[in-house]
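Novice: Take this structure first; my questions come after.
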Amino acid sequence: MTSELSFSNDKFYDLTATIANGQTDSGVIDLSGLELVGFFIPSNFTATSITIKAASSAGGTFVTAQDGYGSDYSITVGASKYVPIHNFNVIAGLRFIKLTAGATQTPSDAIITLALRAL
């Protein structure tokens, strides 16, 4: 049985995604053995939504994840907020992802911290 003293959660908040000034997409994020459960949105994030793009390899072609009903899976976000993933079926099993902001990031880079859990 795991107790809170033996639980190691240090790896669950160390992945970040940077959306550079003037851009909408983050770099590639390798979730390798982890599942995305939410985002810590920084105070300088200027968009109000995030979509997730996925590929079968880090160098593959990234496509927008859909909700299973033909619509792009979009998450409403706000600056200085924690935003949980509300439909795990959409992102289940994804390893290589990119985050796409709903608007161009300005005037500085936004570093989004990912909340993760072990698979």
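Numbering starts fresh at 1 for the residues of each chain in the structure tokens, the chains themselves are lettered A, B, ... in the order given, and ligands are numbered from 1 as they appear.
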Compile the contact shell of A:Ile85 as a PDB file with N, CA and C atoms, in the first residue's frame: residues with an atom at most 8 Å away, counting only C-alpha atoms, same-chain residues fewer than 4 positions apart removed.

Specialist:
```
ATOM      1  N   LEU A  36      -1.769  13.486 -19.584  1.00  0.00           N
ATOM      2  CA  LEU A  36      -2.072  14.890 -19.349  1.00  0.00           C
ATOM      3  C   LEU A  36      -3.417  15.009 -18.644  1.00  0.00           C
ATOM      4  N   VAL A  37      -3.450  15.730 -17.513  1.00  0.00           N
ATOM      5  CA  VAL A  37      -4.710  15.917 -16.787  1.00  0.00           C
ATOM      6  C   VAL A  37      -5.105  17.382 -16.654  1.00  0.00           C
ATOM      7  N   GLY A  38      -4.182  18.304 -16.945  1.00  0.00           N
ATOM      8  CA  GLY A  38      -4.531  19.716 -16.856  1.00  0.00           C
ATOM      9  C   GLY A  38      -3.365  20.623 -17.184  1.00  0.00           C
ATOM     10  N   PHE A  39      -3.649  21.917 -17.125  1.00  0.00           N
ATOM     11  CA  PHE A  39      -2.660  22.947 -17.450  1.00  0.00           C
ATOM     12  C   PHE A  39      -2.629  24.004 -16.359  1.00  0.00           C
ATOM     13  N   ILE A  75     -10.189  23.567 -25.419  1.00  0.00           N
ATOM     14  CA  ILE A  75     -10.324  23.776 -23.988  1.00  0.00           C
ATOM     15  C   ILE A  75     -10.273  25.273 -23.720  1.00  0.00           C
TER      16      ILE A  75
END
```

Novice: Just the residues within 7 Å of A:Ala47, please, counting only C-alpha atoms, with nothing from its chain fewer than 3 positions along; format it as an MDAnalysis selection string.

Specialist: chainID A and resid 101:103 105

Novice: Which residues come within 12 Å of A:Val83, counting only C-alpha atoms, excluding same-chain residues fewer than 4 positions away, as a tab-separated table (two decimals) with N, CA and C atoms, in the first residue's frame?

Specialist:
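In the end it all went to part-v9.tsv:
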```
chain	number	residue	atom	x	y	z
A	36	LEU	N	-1.77	13.49	-19.58
A	36	LEU	CA	-2.07	14.89	-19.35
A	36	LEU	C	-3.42	15.01	-18.64
A	37	VAL	N	-3.45	15.73	-17.51
A	37	VAL	CA	-4.71	15.92	-16.79
A	37	VAL	C	-5.10	17.38	-16.65
A	38	GLY	N	-4.18	18.30	-16.94
A	38	GLY	CA	-4.53	19.72	-16.86
A	38	GLY	C	-3.37	20.62	-17.18
A	39	PHE	N	-3.65	21.92	-17.13
A	39	PHE	CA	-2.66	22.95	-17.45
A	39	PHE	C	-2.63	24.00	-16.36
A	40	PHE	N	-1.44	24.48	-16.05
A	40	PHE	CA	-1.27	25.68	-15.24
A	40	PHE	C	-0.95	26.80	-16.23
A	41	ILE	N	-1.90	27.69	-16.44
A	41	ILE	CA	-1.77	28.75	-17.45
A	41	ILE	C	-1.08	29.95	-16.80
A	42	PRO	N	0.00	30.46	-17.43
A	42	PRO	CA	0.72	31.59	-16.84
A	42	PRO	C	-0.04	32.92	-17.00
A	48	THR	N	-7.56	32.53	-25.27
A	48	THR	CA	-8.61	32.05	-24.38
A	48	THR	C	-8.95	30.58	-24.61
A	49	SER	N	-8.20	29.93	-25.51
A	49	SER	CA	-8.44	28.51	-25.74
A	49	SER	C	-7.15	27.81	-26.14
A	50	ILE	N	-7.15	26.49	-25.94
A	50	ILE	CA	-6.04	25.64	-26.35
A	50	ILE	C	-6.64	24.42	-27.04
A	75	ILE	N	-10.19	23.57	-25.42
A	75	ILE	CA	-10.32	23.78	-23.99
A	75	ILE	C	-10.27	25.27	-23.72
A	76	THR	N	-11.29	25.80	-23.06
A	76	THR	CA	-11.31	27.21	-22.69
A	76	THR	C	-10.38	27.41	-21.51
A	77	VAL	N	-9.50	28.41	-21.62
A	77	VAL	CA	-8.51	28.68	-20.57
A	77	VAL	C	-8.50	30.16	-20.24
A	78	GLY	N	-7.87	30.49	-19.13
A	78	GLY	CA	-7.69	31.87	-18.74
A	78	GLY	C	-6.33	32.05	-18.10
A	79	ALA	N	-5.80	33.24	-18.20
A	79	ALA	CA	-4.49	33.54	-17.62
A	79	ALA	C	-4.53	33.35	-16.11
A	112	ILE	N	3.63	27.14	-20.28
A	112	ILE	CA	2.51	26.44	-19.66
A	112	ILE	C	3.05	25.20	-18.96
A	113	THR	N	2.74	25.04	-17.69
A	113	THR	CA	3.16	23.85	-16.94
A	113	THR	C	2.06	22.81	-17.07
A	114	LEU	N	2.45	21.59	-17.40
A	114	LEU	CA	1.49	20.51	-17.59
A	114	LEU	C	1.31	19.74	-16.29
A	115	ALA	N	0.07	19.45	-15.94
A	115	ALA	CA	-0.23	18.57	-14.81
A	115	ALA	C	-0.39	17.17	-15.40
```

Novice: For stretch 11-28 of chain A, list every protein, DNA or RNA residue within 9 Å, evaluated using only C-alpha atoms, and leave out those in the same chain fewer than 5 positions away; present the list as a ChimeraX atom specification.

Specialist: /A:34,45,58-59,96-118

Novice: What residues in stretch 27-118 of chain A get the DSSP label strand (DSSP E or B)? Please answer as number ranges by chain.

Specialist: A: 29-30, 34-41, 49-55, 63-64, 66, 72, 74-76, 81-84, 96-101, 110-118

Novice: Of the residues A:Lys81, A:Gly68, A:His86, A:Tyr73, which is the one nearest to A:Lys53, using only C-alpha atoms?

Specialist: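 Of the candidates, the smallest distance to A:Lys53 is held by A:Tyr73.
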
Novice: Identify, with DSSP run on backbone atoms, the residues in stretch 13-117 of chain A assigned to helix (DSSP H, G or I), and express the list as an NGL selection string.

Specialist: :A and (13 or 88-91)

Novice: In Å, rounded to a single decimal, give me how far atom CA of A:Ser57 is from atom CA of A:Tyr82.

Specialist: 28.0 Å

Novice: For a test of reading the model, state the distance in Å between atom CA of A:Asp30 and atom CA of A:Thr51, rounded to one decimal.

Specialist: 16.3 Å

Novice: Any idea what the distance is between atom CA of A:Glu35 and atom CA of A:Gly70?

Specialist: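 Separating atom CA of A:Glu35 from atom CA of A:Gly70 is a distance of 23.1 Å.
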